[in-house]
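See below for the structure under consideration.
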Amino acid sequence: MIGSLLFRAPRERFSAWLRRDSRRLWLAPAALSVLFCAVLANLGVLAPGLVLLILAYAFGATLAAVRGPLDGPPHWTAAAAIVWLWLPVEFSLTRYWTPAPAQGAVNTAMYGTGVTLALTLLLAYRGLGGTKYRLPASGRDLLYPLAGFLLVAPVLAALGLWLRFIDPFHIPEGLAAGGLAALFLRILAFVAFPEEVLFRSLIQNMLMQKLGASNRTLLLAAVVFGAAHLNNGPGPLPNWRYMLLATIAGFAYGKVFQKSSSVLSSALLHAAVNTVRHTFF
């Protein structure tokens, strides 16, 4: 469903269907909760605590998003829904009920649930503008991430080496174009695109609608993105080195998002940066 919302016609049909009867909105958290529990059962980690967490996660966000006016400027309830969906993923709350080997898969499933629910609640139902959740409209949407990469990648590499956050540049043995392309597509689908929807289409977009589309607001959004990496490795926590690098990268992603017509543009830049880092550093 996430992919179909990139297209105007199915998105408008889905939005109209939801708005004809707001009670239909509650089908989204119910269906996603069932799907999430099916994933847990398949992983062999279905536990009462996790079931209660996902029910509170899905239905709590819906309760926040269903309140407030449709269309128009972002309402505080939309921001509340975003925070409700983001923080449990950010702090990996599922780990308290999940064995270590399954924690990554469970948290990824929760992230996918959150992004799907956010798009249903805020894009399809609430009509949040400025998300740029659409396919690229022109060649410029592909040139912006390329230009962004050429500008920001050397800065991130030099600073990462100086901070000893990354290893020196190297070419891995057996490197092949097919493998590199496959890695790029995996990162784009499972990391870059979901994060860009959250941090650019939702968080940055709402900040700019409230505070104005200035570089200062863009920096604020980038700092939020950077702070989200404080609890990530490698390195001791809080990981200030990662936050600094992610803030710089977030500013570049945010600028590409601002200039382009599609969130896929910043997602392409995000995926390119991560692919180069994981392959050559």
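Going by the structure tokens order, chains are called A, B, ..., each with residues numbered from 1, while ligands are numbered from 1 in the order shown.
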Taking only C-alpha atoms into account, produce a table as a Markdown table in which each residue of range 76-161 of chain A with an atom at most 7 Å from an atom of range 193-210 of chain A appears once, together with its shortest atom pair and the distance in Å to one decimal, ordered by chain and rising number.
| residue | atom | partner | partner_atom | distance |
| --- | --- | --- | --- | --- |
| A:Val115 | CA | A:Pro194 | CA | 6.5 |
| A:Gly130 | CA | A:Asn205 | CA | 6.2 |
| A:Thr131 | CA | A:Ser201 | CA | 4.2 |
| A:Lys132 | CA | A:Ser201 | CA | 6.5 |
(request) Please report, as a PyMOL selection string, each residue of range 141-231 of chain A to which DSSP assigns helix (DSSP H, G or I) when run on this structure's backbone. (result) chain A and resi 141-162+177-211+215-227
Dump of C-alpha atoms for the selected residues, as a PDB file, in the first residue's frame:
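Below you can see again.pdb, which holds the result:
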ATOM      1  CA  ASP A 141      14.734  15.263  -9.088  1.00  0.00           C
ATOM      2  CA  LEU A 142      17.587  12.924 -10.052  1.00  0.00           C
ATOM      3  CA  LEU A 143      20.175  15.672 -10.482  1.00  0.00           C
ATOM      4  CA  TYR A 144      19.604  17.126  -7.000  1.00  0.00           C
ATOM      5  CA  PRO A 145      20.682  13.945  -5.152  1.00  0.00           C
ATOM      6  CA  LEU A 146      23.695  13.615  -7.473  1.00  0.00           C
ATOM      7  CA  ALA A 147      24.764  17.199  -6.760  1.00  0.00           C
ATOM      8  CA  GLY A 148      24.105  16.676  -3.058  1.00  0.00           C
ATOM      9  CA  PHE A 149      26.266  13.566  -3.025  1.00  0.00           C
ATOM     10  CA  LEU A 150      29.176  15.304  -4.772  1.00  0.00           C
ATOM     11  CA  LEU A 151      29.037  18.108  -2.206  1.00  0.00           C
ATOM     12  CA  VAL A 152      28.395  16.282   1.055  1.00  0.00           C
ATOM     13  CA  ALA A 153      30.152  12.907   0.611  1.00  0.00           C
ATOM     14  CA  PRO A 154      33.720  14.350   0.709  1.00  0.00           C
ATOM     15  CA  VAL A 155      32.835  16.399   3.809  1.00  0.00           C
ATOM     16  CA  LEU A 156      31.387  13.374   5.610  1.00  0.00           C
ATOM     17  CA  ALA A 157      34.342  11.178   4.614  1.00  0.00           C
ATOM     18  CA  ALA A 158      36.967  13.707   5.746  1.00  0.00           C
ATOM     19  CA  LEU A 159      35.193  14.457   9.027  1.00  0.00           C
ATOM     20  CA  GLY A 160      34.465  10.781   9.671  1.00  0.00           C
ATOM     21  CA  LEU A 161      38.132   9.902   9.217  1.00  0.00           C
ATOM     22  CA  TRP A 162      39.258  12.807  11.416  1.00  0.00           C
ATOM     23  CA  ALA A 177      28.569  -3.902  -9.664  1.00  0.00           C
ATOM     24  CA  GLY A 178      25.612  -6.243  -9.148  1.00  0.00           C
ATOM     25  CA  GLY A 179      26.333  -6.654  -5.458  1.00  0.00           C
ATOM     26  CA  LEU A 180      26.794  -2.912  -4.998  1.00  0.00           C
ATOM     27  CA  ALA A 181      23.511  -2.209  -6.780  1.00  0.00           C
ATOM     28  CA  ALA A 182      21.716  -4.814  -4.663  1.00  0.00           C
ATOM     29  CA  LEU A 183      23.081  -3.246  -1.462  1.00  0.00           C
ATOM     30  CA  PHE A 184      21.979   0.193  -2.636  1.00  0.00           C
ATOM     31  CA  LEU A 185      18.438  -1.028  -3.330  1.00  0.00           C
ATOM     32  CA  ARG A 186      18.186  -2.786   0.052  1.00  0.00           C
ATOM     33  CA  ILE A 187      19.328   0.356   1.869  1.00  0.00           C
ATOM     34  CA  LEU A 188      16.960   2.487  -0.195  1.00  0.00           C
ATOM     35  CA  ALA A 189      13.953   0.275   0.535  1.00  0.00           C
ATOM     36  CA  PHE A 190      14.528  -0.606   4.188  1.00  0.00           C
ATOM     37  CA  VAL A 191      16.495   2.352   5.596  1.00  0.00           C
ATOM     38  CA  ALA A 192      16.704   5.463   3.436  1.00  0.00           C
ATOM     39  CA  PHE A 193      13.133   5.693   2.135  1.00  0.00           C
ATOM     40  CA  PRO A 194      11.360   5.033   5.484  1.00  0.00           C
ATOM     41  CA  GLU A 195      13.677   7.455   7.293  1.00  0.00           C
ATOM     42  CA  GLU A 196      13.190  10.159   4.673  1.00  0.00           C
ATOM     43  CA  VAL A 197       9.413   9.802   4.921  1.00  0.00           C
ATOM     44  CA  LEU A 198       9.633  10.246   8.693  1.00  0.00           C
ATOM     45  CA  PHE A 199      12.317  12.915   8.979  1.00  0.00           C
ATOM     46  CA  ARG A 200      11.722  14.916   5.803  1.00  0.00           C
ATOM     47  CA  SER A 201       8.112  14.346   4.640  1.00  0.00           C
ATOM     48  CA  LEU A 202       6.729  14.553   8.162  1.00  0.00           C
ATOM     49  CA  ILE A 203       9.070  16.155  10.720  1.00  0.00           C
ATOM     50  CA  GLN A 204      10.957  18.647   8.519  1.00  0.00           C
ATOM     51  CA  ASN A 205       7.824  19.429   6.522  1.00  0.00           C
ATOM     52  CA  MET A 206       5.786  20.232   9.628  1.00  0.00           C
ATOM     53  CA  LEU A 207       8.568  22.320  11.159  1.00  0.00           C
ATOM     54  CA  MET A 208       8.843  24.369   7.979  1.00  0.00           C
ATOM     55  CA  GLN A 209       5.097  24.893   7.790  1.00  0.00           C
ATOM     56  CA  LYS A 210       5.126  26.166  11.372  1.00  0.00           C
ATOM     57  CA  LEU A 211       8.462  28.053  11.467  1.00  0.00           C
ATOM     58  CA  ASN A 215      17.967  27.382   6.589  1.00  0.00           C
ATOM     59  CA  ARG A 216      17.563  27.844  10.332  1.00  0.00           C
ATOM     60  CA  THR A 217      14.508  25.594  10.330  1.00  0.00           C
ATOM     61  CA  LEU A 218      16.310  23.180   8.045  1.00  0.00           C
ATOM     62  CA  LEU A 219      19.179  23.050  10.552  1.00  0.00           C
ATOM     63  CA  LEU A 220      16.729  22.390  13.379  1.00  0.00           C
ATOM     64  CA  ALA A 221      15.278  19.452  11.446  1.00  0.00           C
ATOM     65  CA  ALA A 222      18.815  18.206  10.743  1.00  0.00           C
ATOM     66  CA  VAL A 223      19.683  18.362  14.453  1.00  0.00           C
ATOM     67  CA  VAL A 224      16.568  16.291  15.225  1.00  0.00           C
ATOM     68  CA  PHE A 225      17.775  13.750  12.666  1.00  0.00           C
ATOM     69  CA  GLY A 226      21.275  13.826  14.137  1.00  0.00           C
ATOM     70  CA  ALA A 227      20.011  13.385  17.690  1.00  0.00           C
TER      71      ALA A 227
END
One residue among A:Phe7, A:Phe165, A:Tyr111, A:Phe14 is nearest to Phe36 in chain A when using only C-alpha atoms, and that residue is A:Tyr111
Using only C-alpha atoms, the residue out of A:Ala109, A:Leu269, A:Ala252, A:Val83 with shortest distance to Leu43 in chain A is A:Ala109
re CA of Ala81 in chain A and CA of Leu121 in chain A: distance 8.7 Å
**OP:** Give me the residues within 12 Å of Pro48 in chain A as a list in words, counting only C-alpha atoms and dropping any in the same chain fewer than 2 places off.
**Re:**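 Returned residues: Cys37, Leu40, Ala41, Val45, Leu46, Leu50, Val51, Leu52, Leu53, Ile54, Leu55, Thr94, Tyr96, Trp97 and Thr98 of chain A.
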The residue from A:Ile166, A:Leu135, A:Leu18, A:Ala213 with the smallest atom-to-atom distance to Ser262 in chain A, counting only C-alpha atoms, is A:Leu135
request  = Can you work out which one of A:Leu87, A:Ser22, A:Val276, A:Ala38 has the shortest atom-to-atom distance to Leu63 in chain A, counting only C-alpha atoms?
outcome  =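 Nearest candidate to Leu63 in chain A out of A:Leu87, A:Ser22, A:Val276, A:Ala38: A:Ser22.
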Practice item. Please identify all polymer residues within 6 Å of range 125-129 of chain A, counting only C-alpha atoms, omitting same-chain residues fewer than 3 positions from it, and present them as a PyMOL selection string. Key: chain A and resi 15+70-71+121-122
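Computed from the coordinates, the CA of Phe280 in chain A to CA of Gly250 in chain A distance equals 20.6 Å.
Here CA of Arg277 in chain A stands at a distance of 9.1 Å from CA of Phe169 in chain A.
For the choices A:Val89, A:Ile82, A:Ala61, A:Ala137, the atom-to-atom distance to Ser260 in chain A is smallest for A:Ala137 when using only C-alpha atoms.
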task: List the neighbours of Leu27 in chain A out to 12 Å using only C-alpha atoms; skip same-chain residues closer than 2 positions along the sequence, and give me the result as a VMD selection string.
output: chain A and resid 18 21 to 25 29 to 34 58 to 59 62 117 120 to 121
